$ cat target-v4.pdb   # PDB, C-alpha atoms
ATOM      1  CA  MET A 175      97.351  90.764 130.856
ATOM      2  CA  SER A 176      96.043  91.837 127.484
ATOM      3  CA  LYS A 177      98.475  92.209 124.640
ATOM      4  CA  ASP A 178      98.769  95.604 122.996
ATOM      5  CA  TYR A 179      98.643  95.193 119.255
ATOM      6  CA  SER A 180     100.296  97.713 117.044
ATOM      7  CA  TYR A 181      99.423  97.853 113.376
ATOM      8  CA  LEU A 182     101.109  99.195 110.265
ATOM      9  CA  SER A 183      99.609 102.363 108.849
ATOM     10  CA  VAL A 184      98.380 102.093 105.250
ATOM     11  CA  ASP A 185     101.429 104.131 104.148
ATOM     12  CA  GLU A 186     103.766 101.757 105.950
ATOM     13  CA  PHE A 187     101.989  98.744 104.497
ATOM     14  CA  HIS A 188     102.341 100.225 101.000
ATOM     15  CA  VAL A 189     106.102 100.646 101.474
ATOM     16  CA  ASP A 190     106.514  97.132 102.918
ATOM     17  CA  TYR A 191     104.317  95.574 100.241
ATOM     18  CA  LYS A 192     106.462  97.143  97.517
ATOM     19  CA  LYS A 193     109.506  95.476  99.107
ATOM     20  CA  LEU A 194     107.999  91.966  98.882
ATOM     21  CA  SER A 195     110.276  89.546  97.035
ATOM     22  CA  SER A 196     109.129  87.674  93.932
ATOM     23  CA  THR A 197     109.323  84.515  96.068
ATOM     24  CA  ASP A 198     106.819  85.948  98.525
ATOM     25  CA  LEU A 199     104.563  87.073  95.677
ATOM     26  CA  THR A 200     104.714  83.523  94.274
ATOM     27  CA  ARG A 201     103.694  82.204  97.714
ATOM     28  CA  ILE A 202     100.728  84.592  97.705
ATOM     29  CA  ILE A 203      99.732  83.486  94.199
ATOM     30  CA  LYS A 204      99.864  79.827  95.228
ATOM     31  CA  VAL A 205      97.697  80.420  98.278
ATOM     32  CA  CYS A 206      95.108  82.373  96.250
ATOM     33  CA  HIS A 207      94.894  79.510  93.762
ATOM     34  CA  TYR A 208      94.633  77.006  96.592
ATOM     35  CA  TYR A 209      91.596  78.721  98.125
ATOM     36  CA  ARG A 210      89.995  79.461  94.787
ATOM     37  CA  SER A 211      90.220  75.783  93.950
ATOM     38  CA  LYS A 212      89.223  74.585  97.418
ATOM     39  CA  TYR A 213      86.040  76.654  97.449
ATOM     40  CA  GLN A 214      85.435  76.370  93.686
ATOM     41  CA  LEU A 215      85.042  80.146  93.540
ATOM     42  CA  SER A 216      83.764  81.704  90.357
ATOM     43  CA  VAL A 217      86.245  84.593  90.664
ATOM     44  CA  GLY A 218      89.874  84.526  89.546
ATOM     45  CA  ALA A 219      92.712  83.944  92.024
ATOM     46  CA  GLU A 220      93.938  87.464  91.267
ATOM     47  CA  ASP A 221      90.455  88.817  92.103
ATOM     48  CA  ILE A 222      90.756  87.368  95.606
ATOM     49  CA  PHE A 223      94.122  89.098  95.949
ATOM     50  CA  GLN A 224      92.678  92.383  94.651
ATOM     51  CA  GLU A 225      89.870  92.175  97.197
ATOM     52  CA  VAL A 226      92.390  91.519  99.991
ATOM     53  CA  LEU A 227      94.554  94.498  99.032
ATOM     54  CA  SER A 228      91.509  96.746  98.513
ATOM     55  CA  ARG A 229      90.415  96.034 102.069
ATOM     56  CA  ILE A 230      93.899  96.706 103.461
ATOM     57  CA  TYR A 231      94.243  99.990 101.529
ATOM     58  CA  ALA A 232      90.751 101.034 102.642
ATOM     59  CA  GLY A 233      91.777 100.388 106.259
ATOM     60  CA  GLY A 234      89.337  97.501 106.637
ATOM     61  CA  ARG A 235      92.071  94.980 107.465
ATOM     62  CA  ASN A 236      95.114  95.688 109.613
ATOM     63  CA  ILE A 237      98.600  94.219 109.524
ATOM     64  CA  PRO A 238     100.166  93.652 112.965
ATOM     65  CA  ARG A 239     103.701  95.043 113.140
ATOM     66  CA  GLU A 240     105.144  91.860 114.608
ATOM     67  CA  VAL A 241     103.893  89.703 111.703
ATOM     68  CA  LYS A 242     105.655  89.499 108.332
ATOM     69  CA  VAL A 243     103.622  91.186 105.588
ATOM     70  CA  VAL A 244     103.480  88.024 103.455
ATOM     71  CA  THR A 245     102.190  85.998 106.418
ATOM     72  CA  ALA A 246      99.572  88.596 107.272
ATOM     73  CA  VAL A 247      98.417  88.881 103.646
ATOM     74  CA  ILE A 248      98.086  85.091 103.391
ATOM     75  CA  SER A 249      96.030  85.043 106.564
ATOM     76  CA  ILE A 250      93.705  87.688 105.100
ATOM     77  CA  ILE A 251      93.460  85.737 101.807
ATOM     78  CA  LYS A 252      92.196  82.770 103.818
ATOM     79  CA  SER A 253      89.417  84.733 105.484
ATOM     80  CA  VAL A 254      88.450  86.772 102.396
ATOM     81  CA  ALA A 255      88.190  83.626 100.250
ATOM     82  CA  TYR A 256      85.885  82.148 102.870
ATOM     83  CA  GLU A 257      83.840  85.349 102.977
ATOM     84  CA  ILE A 258      83.474  85.247  99.204
ATOM     85  CA  LEU A 259      82.243  81.665  99.521
ATOM     86  CA  LYS A 260      79.782  82.692 102.164
ATOM     87  CA  SER A 261      78.721  85.891 100.487
ATOM     88  CA  ASN A 262      75.027  86.559 100.687
ATOM     89  CA  ALA A 263      74.544  86.298  96.986
ATOM     90  CA  ASN A 264      76.135  82.877  96.893
ATOM     91  CA  LYS A 265      74.245  81.676  99.940
ATOM     92  CA  GLN A 266      70.919  82.940  98.723
ATOM     93  CA  GLN A 267      71.394  81.454  95.296
ATOM     94  CA  GLN A 268      72.489  78.096  96.654
ATOM     95  CA  LEU A 269      69.715  77.994  99.232
ATOM     96  CA  GLU A 270      67.092  78.800  96.645
ATOM     97  CA  GLU A 271      68.368  75.968  94.500
ATOM     98  CA  ASP A 272      68.192  73.625  97.507
ATOM     99  CA  ILE A 273      64.634  74.674  98.339
ATOM    100  CA  VAL A 274      63.491  74.172  94.794
ATOM    101  CA  ASP A 275      65.104  70.716  94.764
ATOM    102  CA  ILE A 276      63.447  69.731  98.046
ATOM    103  CA  GLU A 277      60.064  71.163  97.027
ATOM    104  CA  GLU A 278      60.188  69.356  93.732
ATOM    105  CA  SER A 279      61.160  66.042  95.263
ATOM    106  CA  LEU A 280      58.585  66.205  98.087
ATOM    107  CA  HIS A 281      55.843  68.061  96.189
ATOM    108  CA  ILE A 282      55.484  70.563  99.068
ATOM    109  CA  ASN A 283      56.025  74.246  99.670
ATOM    110  CA  LEU A 284      58.584  75.082 102.331
ATOM    111  CA  HIS A 285      58.439  78.137 104.544
ATOM    112  CA  ILE A 286      61.882  78.865 105.948
ATOM    113  CA  ASP A 287      62.448  81.218 108.873
ATOM    114  CA  ASN A 288      65.836  82.662 109.862
ATOM    115  CA  SER A 289      66.799  80.074 112.491
ATOM    116  CA  ILE A 290      66.048  77.181 110.176
ATOM    117  CA  GLU A 291      67.914  78.974 107.438
ATOM    118  CA  GLN A 292      71.015  79.320 109.627
ATOM    119  CA  GLU A 293      70.797  75.714 110.661
ATOM    120  CA  LEU A 294      70.569  74.674 107.043
ATOM    121  CA  MET A 295      73.588  76.832 106.231
ATOM    122  CA  ALA A 296      75.680  75.197 108.957
ATOM    123  CA  GLU A 297      74.620  71.758 107.837
ATOM    124  CA  ARG A 298      75.354  72.674 104.281
ATOM    125  CA  GLU A 299      78.827  73.964 105.151
ATOM    126  CA  GLU A 300      79.676  70.751 106.975
ATOM    127  CA  MET A 301      78.271  68.709 104.108
ATOM    128  CA  LEU A 302      80.307  70.658 101.542
ATOM    129  CA  ALA A 303      83.440  70.293 103.687
ATOM    130  CA  ASP A 304      82.774  66.559 103.776
ATOM    131  CA  ILE A 305      82.479  66.442  99.982
ATOM    132  CA  ARG A 306      85.638  68.515  99.503
ATOM    133  CA  TRP A 307      87.580  66.388 101.967
ATOM    134  CA  GLN A 308      86.392  63.182 100.341
ATOM    135  CA  SER A 309      87.450  64.453  96.910
ATOM    136  CA  VAL A 310      90.965  65.062  98.256
ATOM    137  CA  LEU A 311      91.077  61.549  99.723
ATOM    138  CA  ASP A 312      89.759  60.114  96.439
ATOM    139  CA  GLU A 313      92.689  61.678  94.577
ATOM    140  CA  PHE A 314      95.029  59.541  96.684
ATOM    141  CA  ASN A 315      93.010  56.351  97.037
ATOM    142  CA  THR A 316      95.780  54.350  95.405
ATOM    143  CA  ASP A 317      98.508  55.953  97.486
ATOM    144  CA  TYR A 318      98.374  54.482 100.966
ATOM    145  CA  GLU A 319     101.185  56.627 102.404
ATOM    146  CA  VAL A 320      99.678  59.948 101.295
ATOM    147  CA  THR A 321      96.290  58.838 102.612
ATOM    148  CA  GLN A 322      97.884  58.077 105.982
ATOM    149  CA  LEU A 323      99.633  61.446 105.898
ATOM    150  CA  LEU A 324      96.349  63.223 105.098
ATOM    151  CA  CYS A 325      94.538  61.484 107.942
ATOM    152  CA  SER A 326      97.259  62.496 110.352
ATOM    153  CA  ILE A 327      97.200  66.121 109.101
ATOM    154  CA  ALA A 328      93.404  66.129 109.496
ATOM    155  CA  LYS A 329      93.817  65.260 113.175
ATOM    156  CA  GLY A 330      95.997  68.337 113.581
ATOM    157  CA  ASN A 331      99.320  66.506 113.987
ATOM    158  CA  LYS A 332     102.442  68.502 113.235
ATOM    159  CA  ALA A 333     105.423  67.358 111.170
ATOM    160  CA  LYS A 334     107.436  65.968 114.081
ATOM    161  CA  ASP A 335     104.520  63.849 115.321
ATOM    162  CA  ILE A 336     103.653  62.696 111.801
ATOM    163  CA  VAL A 337     107.223  61.528 111.181
ATOM    164  CA  SER A 338     107.247  59.462 114.375
ATOM    165  CA  LYS A 339     103.645  58.206 114.378
ATOM    166  CA  VAL A 340     103.020  57.597 110.665
ATOM    167  CA  PHE A 341     106.498  57.023 109.239
ATOM    168  CA  ASP A 342     108.193  55.335 112.213
ATOM    169  CA  GLY A 343     110.724  58.160 112.455
ATOM    170  CA  ASN A 344     111.722  57.888 108.793
ATOM    171  CA  GLN A 345     112.155  61.547 107.802
ATOM    172  CA  THR A 346     113.044  60.725 104.173
ATOM    173  CA  LYS A 347     109.846  58.752 103.712
ATOM    174  CA  TYR A 348     107.877  61.619 105.213
ATOM    175  CA  ASP A 349     109.573  64.126 102.875
ATOM    176  CA  THR A 350     108.907  62.128  99.715
ATOM    177  CA  THR A 351     105.276  61.508 100.732
ATOM    178  CA  ARG A 352     104.796  65.181 101.644
ATOM    179  CA  LYS A 353     106.167  66.206  98.236
ATOM    180  CA  ARG A 354     103.798  63.821  96.461
ATOM    181  CA  LEU A 355     100.893  65.362  98.339
ATOM    182  CA  MET A 356     101.995  68.911  97.474
ATOM    183  CA  ARG A 357     102.516  68.021  93.777
ATOM    184  CA  LYS A 358      99.039  66.560  93.529
ATOM    185  CA  LEU A 359      97.461  69.458  95.400
ATOM    186  CA  ALA A 360      99.170  71.842  92.959
ATOM    187  CA  LYS A 361      97.771  69.878  90.012
ATOM    188  CA  MET A 362      94.304  69.841  91.555
ATOM    189  CA  GLN A 363      94.377  73.637  91.869
ATOM    190  CA  ASN A 364      94.285  74.002  88.119
ATOM    191  CA  GLU A 365      92.098  70.987  87.349
ATOM    192  CA  GLY A 366      89.550  71.924  89.990
ATOM    193  CA  ALA A 367      89.390  75.595  89.143
ATOM    194  CA  VAL A 368      86.060  76.938  87.996
ATOM    195  CA  GLN A 369      86.609  78.659  84.681
TER     196      GLN A 369
ATOM    197  CA  MET B 107      85.963  64.485 113.513
ATOM    198  CA  SER B 108      84.509  67.547 111.791
ATOM    199  CA  LYS B 109      85.548  67.716 108.157
ATOM    200  CA  LEU B 110      85.649  71.505 108.439
ATOM    201  CA  LYS B 111      88.387  71.101 111.064
ATOM    202  CA  ALA B 112      90.170  68.512 108.919
ATOM    203  CA  GLU B 113      90.172  70.959 106.022
ATOM    204  CA  GLU B 114      91.442  73.742 108.244
ATOM    205  CA  ASN B 115      94.330  71.541 109.367
ATOM    206  CA  LEU B 116      95.146  70.733 105.736
ATOM    207  CA  ASP B 117      95.089  74.489 104.946
ATOM    208  CA  ASP B 118      97.594  75.124 107.733
ATOM    209  CA  PHE B 119      99.801  72.292 106.509
ATOM    210  CA  PHE B 120      99.668  73.619 102.927
ATOM    211  CA  ILE B 121     100.541  77.167 104.009
ATOM    212  CA  ASP B 122     103.415  75.929 106.216
ATOM    213  CA  GLN B 123     104.796  74.020 103.235
ATOM    214  CA  VAL B 124     104.470  77.000 100.889
ATOM    215  CA  MET B 125     106.167  79.294 103.416
ATOM    216  CA  SER B 126     109.086  76.902 103.851
ATOM    217  CA  MET B 127     109.733  76.379 100.115
ATOM    218  CA  ASN B 128     112.619  78.209  98.474
ATOM    219  CA  GLU B 129     112.371  79.971  95.120
ATOM    220  CA  GLN B 130     113.401  76.898  93.117
ATOM    221  CA  GLU B 131     110.956  74.605  94.928
ATOM    222  CA  LEU B 132     108.153  77.115  94.469
ATOM    223  CA  SER B 133     108.906  77.471  90.788
ATOM    224  CA  SER B 134     108.980  73.696  90.342
ATOM    225  CA  ASP B 135     105.772  73.325  92.353
ATOM    226  CA  PHE B 136     104.140  75.999  90.226
ATOM    227  CA  GLU B 137     104.925  74.020  87.073
ATOM    228  CA  ASN B 138     102.705  71.243  88.444
ATOM    229  CA  THR B 139      99.722  73.557  88.388
ATOM    230  CA  GLY B 140     100.099  73.918  84.610
ATOM    231  CA  LEU B 141      99.938  77.695  84.977
ATOM    232  CA  ASP B 142     102.487  80.158  83.627
ATOM    233  CA  LEU B 143     104.168  81.841  86.601
ATOM    234  CA  LYS B 144     105.146  84.946  84.623
ATOM    235  CA  GLU B 145     101.574  85.440  83.423
ATOM    236  CA  GLU B 146     100.274  84.922  86.942
ATOM    237  CA  ILE B 147     102.728  87.456  88.383
ATOM    238  CA  ALA B 148     101.651  89.999  85.742
ATOM    239  CA  LYS B 149      97.946  89.409  86.567
ATOM    240  CA  PHE B 150      98.563  89.739  90.288
ATOM    241  CA  GLN B 151     100.638  92.888  89.862
ATOM    242  CA  GLN B 152      97.839  94.423  87.841
ATOM    243  CA  ALA B 153      95.367  93.447  90.556
ATOM    244  CA  ALA B 154      97.637  95.106  93.126
ATOM    245  CA  ASP B 155      97.846  98.266  91.006
ATOM    246  CA  THR B 156      94.051  98.402  90.716
ATOM    247  CA  ALA B 157      93.581  97.846  94.458
ATOM    248  CA  SER B 158      96.047 100.589  95.382
ATOM    249  CA  LEU B 159      94.869 103.068  92.732
ATOM    250  CA  SER B 160      92.733 105.300  94.946
ATOM    251  CA  PHE B 161      95.407 105.204  97.679
ATOM    252  CA  ARG B 162      98.090 106.250  95.182
ATOM    253  CA  LYS B 163      95.819 108.939  93.719
ATOM    254  CA  GLY B 164      95.272 110.295  97.236
ATOM    255  CA  LYS B 165      99.015 110.420  97.857
ATOM    256  CA  LEU B 166      99.587 112.204  94.551
ATOM    257  CA  LYS B 167      96.860 114.746  95.281
ATOM    258  CA  ALA B 168      98.342 115.468  98.732
ATOM    259  CA  ALA B 169     101.820 115.899  97.214
ATOM    260  CA  ARG B 170     100.456 118.273  94.552
ATOM    261  CA  THR B 171      98.590 120.327  97.148
ATOM    262  CA  GLU B 172     101.755 120.608  99.246
ATOM    263  CA  LEU B 173     103.792 121.615  96.198
ATOM    264  CA  GLU B 174     101.234 124.239  95.170
ATOM    265  CA  LYS B 175     101.274 125.598  98.713
ATOM    266  CA  GLN B 176     105.048 125.923  98.606
ATOM    267  CA  VAL B 177     104.990 127.537  95.155
ATOM    268  CA  ASN B 178     102.309 130.012  96.276
ATOM    269  CA  GLN B 179     104.253 130.808  99.440
ATOM    270  CA  SER B 180     107.448 131.366  97.480
ATOM    271  CA  SER B 181     105.624 133.507  94.910
ATOM    272  CA  SER B 182     103.987 135.528  97.677
ATOM    273  CA  ASN B 183     107.379 136.108  99.354
ATOM    274  CA  SER B 184     108.881 137.276  96.070
ATOM    275  CA  LYS B 185     106.027 139.752  95.592
ATOM    276  CA  VAL B 186     106.603 141.251  99.057
ATOM    277  CA  LEU B 187     110.315 141.554  98.346
ATOM    278  CA  SER B 188     109.669 143.162  94.957
ATOM    279  CA  ARG B 189     107.310 145.723  96.502
ATOM    280  CA  LEU B 190     109.914 146.574  99.152
ATOM    281  CA  LYS B 191     112.457 147.156  96.411
ATOM    282  CA  GLU B 192     109.992 149.215  94.338
ATOM    283  CA  THR B 193     109.377 151.557  97.289
ATOM    284  CA  GLY B 194     113.142 152.229  97.346
ATOM    285  CA  SER B 195     113.603 150.610 100.766
ATOM    286  CA  ASP B 196     117.215 149.763 101.620
ATOM    287  CA  ILE B 197     117.137 146.092 102.565
ATOM    288  CA  ARG B 198     120.205 146.318 104.846
ATOM    289  CA  MET B 199     118.661 149.308 106.602
ATOM    290  CA  LYS B 200     115.386 147.459 106.974
ATOM    291  CA  LEU B 201     117.190 144.460 108.474
ATOM    292  CA  ALA B 202     119.210 146.689 110.823
ATOM    293  CA  GLN B 203     115.952 148.267 112.061
ATOM    294  CA  LEU B 204     114.426 144.848 112.691
ATOM    295  CA  VAL B 205     117.541 143.660 114.565
ATOM    296  CA  ALA B 206     117.585 146.819 116.668
ATOM    297  CA  GLY B 207     113.876 146.394 117.371
ATOM    298  CA  GLY B 208     114.501 142.854 118.657
ATOM    299  CA  GLN B 209     111.953 141.473 116.215
ATOM    300  CA  ILE B 210     114.275 138.932 114.655
ATOM    301  CA  PRO B 211     114.847 135.364 115.866
ATOM    302  CA  ALA B 212     118.238 134.827 117.533
ATOM    303  CA  GLU B 213     119.725 132.650 114.809
ATOM    304  CA  ILE B 214     119.002 135.275 112.139
ATOM    305  CA  THR B 215     120.353 138.054 114.365
ATOM    306  CA  MET B 216     123.590 136.076 114.613
ATOM    307  CA  ALA B 217     123.768 135.786 110.846
ATOM    308  CA  PHE B 218     123.230 139.528 110.454
ATOM    309  CA  ARG B 219     125.562 140.601 113.271
ATOM    310  CA  ASP B 220     128.348 141.263 110.785
ATOM    311  CA  GLY B 221     125.927 142.806 108.329
ATOM    312  CA  GLU B 222     128.688 144.715 106.506
ATOM    313  CA  GLU B 223     130.142 141.434 105.241
ATOM    314  CA  ILE B 224     126.999 139.892 103.814
ATOM    315  CA  THR B 225     126.199 140.256 100.138
ATOM    316  CA  ASP B 226     123.030 141.834  98.734
ATOM    317  CA  GLU B 227     121.791 138.369  97.768
ATOM    318  CA  GLU B 228     122.322 137.103 101.321
ATOM    319  CA  ALA B 229     120.517 140.143 102.743
ATOM    320  CA  GLU B 230     117.609 139.448 100.399
ATOM    321  CA  GLY B 231     117.681 135.799 101.452
ATOM    322  CA  ILE B 232     117.463 136.759 105.139
ATOM    323  CA  LEU B 233     114.587 139.137 104.369
ATOM    324  CA  GLU B 234     112.815 136.360 102.437
ATOM    325  CA  ASP B 235     113.184 134.085 105.472
ATOM    326  CA  LEU B 236     111.726 136.818 107.678
ATOM    327  CA  ILE B 237     108.801 137.282 105.292
ATOM    328  CA  GLU B 238     108.166 133.541 105.401
ATOM    329  CA  LEU B 239     108.315 133.579 109.194
ATOM    330  CA  GLY B 240     105.808 136.417 109.190
ATOM    331  CA  VAL B 241     108.225 138.875 110.892
ATOM    332  CA  VAL B 242     108.079 141.206 107.890
ATOM    333  CA  LYS B 243     104.579 141.844 106.586
ATOM    334  CA  ASP B 244     103.527 143.143 103.229
ATOM    335  CA  ASP B 245     102.066 146.675 103.371
ATOM    336  CA  GLU B 246      99.182 145.477 101.201
ATOM    337  CA  GLN B 247      98.464 142.679 103.674
ATOM    338  CA  LYS B 248      98.565 145.151 106.552
ATOM    339  CA  ASN B 249      96.217 147.538 104.738
ATOM    340  CA  SER B 250      93.798 144.796 103.882
ATOM    341  CA  LYS B 251      93.404 143.861 107.579
TER     342      LYS B 251
END
$ encode --input "target-v4.pdb" --output "structure tokens"
Amino acid sequence: MSKDYSYLSVDEFHVDYKKLSSTDLTRIIKVCHYYRSKYQLSVGAEDIFQEVLSRIYAGGRNIPREVKVVTAVISIIKSVAYEILKSNANKQQQLEEDIVDIEESLHINLHIDNSIEQELMAEREEMLADIRWQSVLDEFNTDYEVTQLLCSIAKGNKAKDIVSKVFDGNQTKYDTTRKRLMRKLAKMQNEGAVQ
Amino acid sequence: MSKLKAEENLDDFFIDQVMSMNEQELSSDFENTGLDLKEEIAKFQQAADTASLSFRKGKLKAARTELEKQVNQSSSNSKVLSRLKETGSDIRMKLAQLVAGGQIPAEITMAFRDGEEITDEEAEGILEDLIELGVVKDDEQKNSK
């Protein structure tokens, strides 16, 4: 049976958004910085947020009634940040740079049709994800516990499983390691930001 | 394992952590970024104001239009009432005729049943309501049709 989704009207969203606590706004700010840093975007964290709200107010993104506004906004931040990364301008520019690099190194002229272009994009995305992931691991190469935690997170394990599998059921050890990871990620958000 | 999937799992972990932090933990965590939280809040609020500007302008325009409509309606009602007075019409008599003619809604008929006891202002108020309901029409409006 299909689920009937019901969405907030723009008016209702506006009222609910105005009621957001400063704590929720801080959460939103943190998530915008996280994605800006992750994707090395050349726009400000607040620009991502502005784009998200612009789309909601224009009716381009809907907020399900059963989801908290802060949760829904964060989910939209995630997808909008990725869209910014993948924007045509960015893709085109990056692809052109790649082609020039390849042409120069091989002394040939490349003709690229759409299917090859898409394949290159997918490969490039996976390659960039690999680089980003490696840079996170590199930050913790001297911290064995955080590295173990990261590897477990990467596999999709949830807190309960991580505590038992990685920390032998030691919740305190998990908590201190988790906090170290979060502190470093917070620091990386500012260090890694493109100015 | 795809690194894209690994990243996605880290994103989910990060968001879960952020959602479960209290105000103090968030504030402390924010200090680690080296950014000023107050400045960031101000920037984000400005971004929100910019994003909602056309929506808010639309709401304001709709409210103004509604207000103007009400003002025009009220002004139009007053003009009809003034013209009735200028022609020397007795408002109580006019109301009595409308009641007798069965042209008045039940709730207003009830209010006018003891017409002797209502003040001139109340009689004018009832007539204004009737003008607004379209029961009493302006002679000029009638002539123009």
$ resolve_selection --input "target-v4.pdb" --expression "the PyMOL selection byres ((chain A) within 6 of (chain B))" --output "list in words"
Thr197, Glu220, Gln224, Leu227, Ser228, Ala303, Asp304, Ala328, Gly330, Ala360, Lys361 and Asn364 of chain A
$ residues_around --input "target-v4.pdb" --residues "Val241 in chain B" --least-positions-apart "4" --cutoff "8 Å" --atoms "only C-alpha atoms" --output "JSON, numbers by chain"
{"B": [209, 210, 236, 237]}
$ residues_near_point --input "target-v4.pdb" --point "(97.3, 95.9, 117.1)" --cutoff "12 Å" --atoms "all atoms listed in the file" --output "mmCIF file with C-alpha atoms, keeping the file's coordinate frame"
data_model
loop_
_atom_site.group_PDB
_atom_site.id
_atom_site.type_symbol
_atom_site.label_atom_id
_atom_site.label_comp_id
_atom_site.auth_asym_id
_atom_site.auth_seq_id
_atom_site.Cartn_x
_atom_site.Cartn_y
_atom_site.Cartn_z
ATOM 1 C CA SER A 176 96.043 91.837 127.484
ATOM 2 C CA LYS A 177 98.475 92.209 124.640
ATOM 3 C CA ASP A 178 98.769 95.604 122.996
ATOM 4 C CA TYR A 179 98.643 95.193 119.255
ATOM 5 C CA SER A 180 100.296 97.713 117.044
ATOM 6 C CA TYR A 181 99.423 97.853 113.376
ATOM 7 C CA LEU A 182 101.109 99.195 110.265
ATOM 8 C CA SER A 183 99.609 102.363 108.849
ATOM 9 C CA ARG A 235 92.071 94.980 107.465
ATOM 10 C CA ASN A 236 95.114 95.688 109.613
ATOM 11 C CA ILE A 237 98.600 94.219 109.524
ATOM 12 C CA PRO A 238 100.166 93.652 112.965
ATOM 13 C CA ARG A 239 103.701 95.043 113.140
ATOM 14 C CA GLU A 240 105.144 91.860 114.608
ATOM 15 C CA VAL A 241 103.893 89.703 111.703
#
$ axis_aligned_box --input "target-v4.pdb" --around "range 167-174 of chain B" --padding-each-side "8 Å" --output "JSON"
{"center_x": 100.3, "center_y": 119.5, "center_z": 96.9, "size_x": 22.9, "size_y": 25.5, "size_z": 20.7}
$ atom_distance --input "target-v4.pdb" --atom1 "CA of Val254 in chain A" --atom2 "CA of Val226 in chain A"
6.6 Å
